[in-house]
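S.K.: Quick one: the structure is below, and I'll ask about it shortly.
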Amino acid sequence: MRFARTSALAFSSLFLAATSFPRQAATSVQRDPQALALAQRGVQALLGNVTLTDVTLQGTANYTAGSDDETGSFKLDLKGTQESKLVLNLTGGTRQETRQLQAGGWVGSDGQSHAFALHNCWTDASTLFPIFSLIATLSDSQIAAAYLGQAIINGASVDHLQLSRVVPGQNPKMTTQIQELSAMDIYLEAASHLPLAVAFTTHPDDDLQRSFPVQIQFSGYQQLGGIHVPMHIQKLLQGTLTLDMVVTSIATNTGISDINFSTQ
């Protein structure tokens, strides 16, 4: 997890850019049939016949940032692709990160609240549990989906999908900008179709032109609550492990309220 200082100017500038350019004709959304078929197989592998609306994962966590190495527990609430709340109860204090639509915020161990820059809120909120991203790929016509072939992740053969969002009515330059900011690479294990990794980029809150790679890795899948759950989730920033979570319990379809994800 990256808890960074946020610039309100950066948050507002992209919003103004997205709304002030002249409106354009509808943009064609590229939805590769092979990518959609693989996303469907990923959903089937994870859920079977279960319908999932929300999920809560809990377990142990290790958080590392430079010389700061803390241990404790985590609770992750997810509802679709646009709402998430991660709470880390660590030896150095409680940290929290919340996303709701194109907004979000974080609370450091000092208890101070900070807003995310808008340009860091275009990727799905569900990157730590990407089943909702795969579901949305099948149902949301504004999600561009491409199949980029096979690759190797941690020694395993994977199918590489790239997803991004196309916002209708935007200037071509802004359409491209939003697609770049929302781009997510999902790697499905070729035999089982279970997600082994998700990759995207994050940016300094005052400079959306600078990019830092983030990769989430999933392993140790077990069937819990009728669905396949990765029992080990790791987050790497620029190739360095920053968050290491071991899942010990899961609750599904509990009716989590949208208020839980409020960033106000």
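Every chain in the structure tokens has a letter given in the order shown (A, B, ...), and although residue numbers restart at 1 in each chain, ligands are simply numbered from 1 in the order shown.
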Range 218-234 of chain A: which residues within 10 Å, counting only C-alpha atoms, same-chain residues fewer than 5 positions away excluded, as a PyMOL selection string?

M.R.: chain A and resi 1+44-52+57+59-62+128-131+194-198+241-252

S.K.: So which residues touch range 91-104 of chain A within 9 Å, counting only C-alpha atoms, skipping near sequence neighbours fewer than 5 positions away, as a PyMOL selection string?

M.R.: chain A and resi 1+3+68-72+81-86+109-111+114-125+258+261-263

S.K.: Kindly indicate which residue among A:Leu161, A:Ala191, A:Ile153, A:Val167 lies nearest to Gln215 in chain A, using only C-alpha atoms for the distances.

M.R.: A:Ile153

S.K.: My list of candidates is A:Leu38, A:Ala144, A:Asn260, A:Leu188. Which is closest to Thr176 in chain A when distances are computed with only C-alpha atoms?

M.R.: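 Ranking A:Leu38, A:Ala144, A:Asn260, A:Leu188 by distance to Thr176 in chain A, first place goes to A:Ala144.
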
S.K.: Nearest to Phe212 in chain A: which of A:Leu181, A:Ala65, A:Ala190, A:Leu134 is it, counting only C-alpha atoms?

M.R.: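 Nearest to Phe212 in chain A: A:Leu181.
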
S.K.: Go through range 57-164 of chain A and collect every residue that DSSP, computed from the backbone, puts in strand (DSSP E or B); the answer should be as a ChimeraX atom specification.

M.R.: /A:57-65,68-79,83-90,93-100,103-107,113-115,143-153,156-164

S.K.: Could you check how far CA of Ala39 in chain A sits from CA of Ser141 in chain A, in Å to one decimal?

M.R.: 13.9 Å

S.K.: Grab the CA of Gly80 in chain A to CA of Ser133 in chain A distance for me, in Å with one decimal place.

M.R.: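 The value is 7.7 Å.
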
S.K.: Give the helix (DSSP H, G or I) residues of range 64-180 of chain A, as DSSP finds them on the backbone, and put them as a list of chain:residue names.

M.R.: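 DSSP on the backbone gives helix (DSSP H, G or I) at A:Leu118, A:His119, A:Asn120, A:Ile131, A:Phe132, A:Ser133, A:Leu134, A:Ile135, A:Ala136, A:Thr137, A:Leu138, A:Ser139, A:Pro172, A:Lys173, A:Met174, A:Thr175, A:Thr176, A:Gln177, A:Ile178, A:Gln179, A:Glu180.
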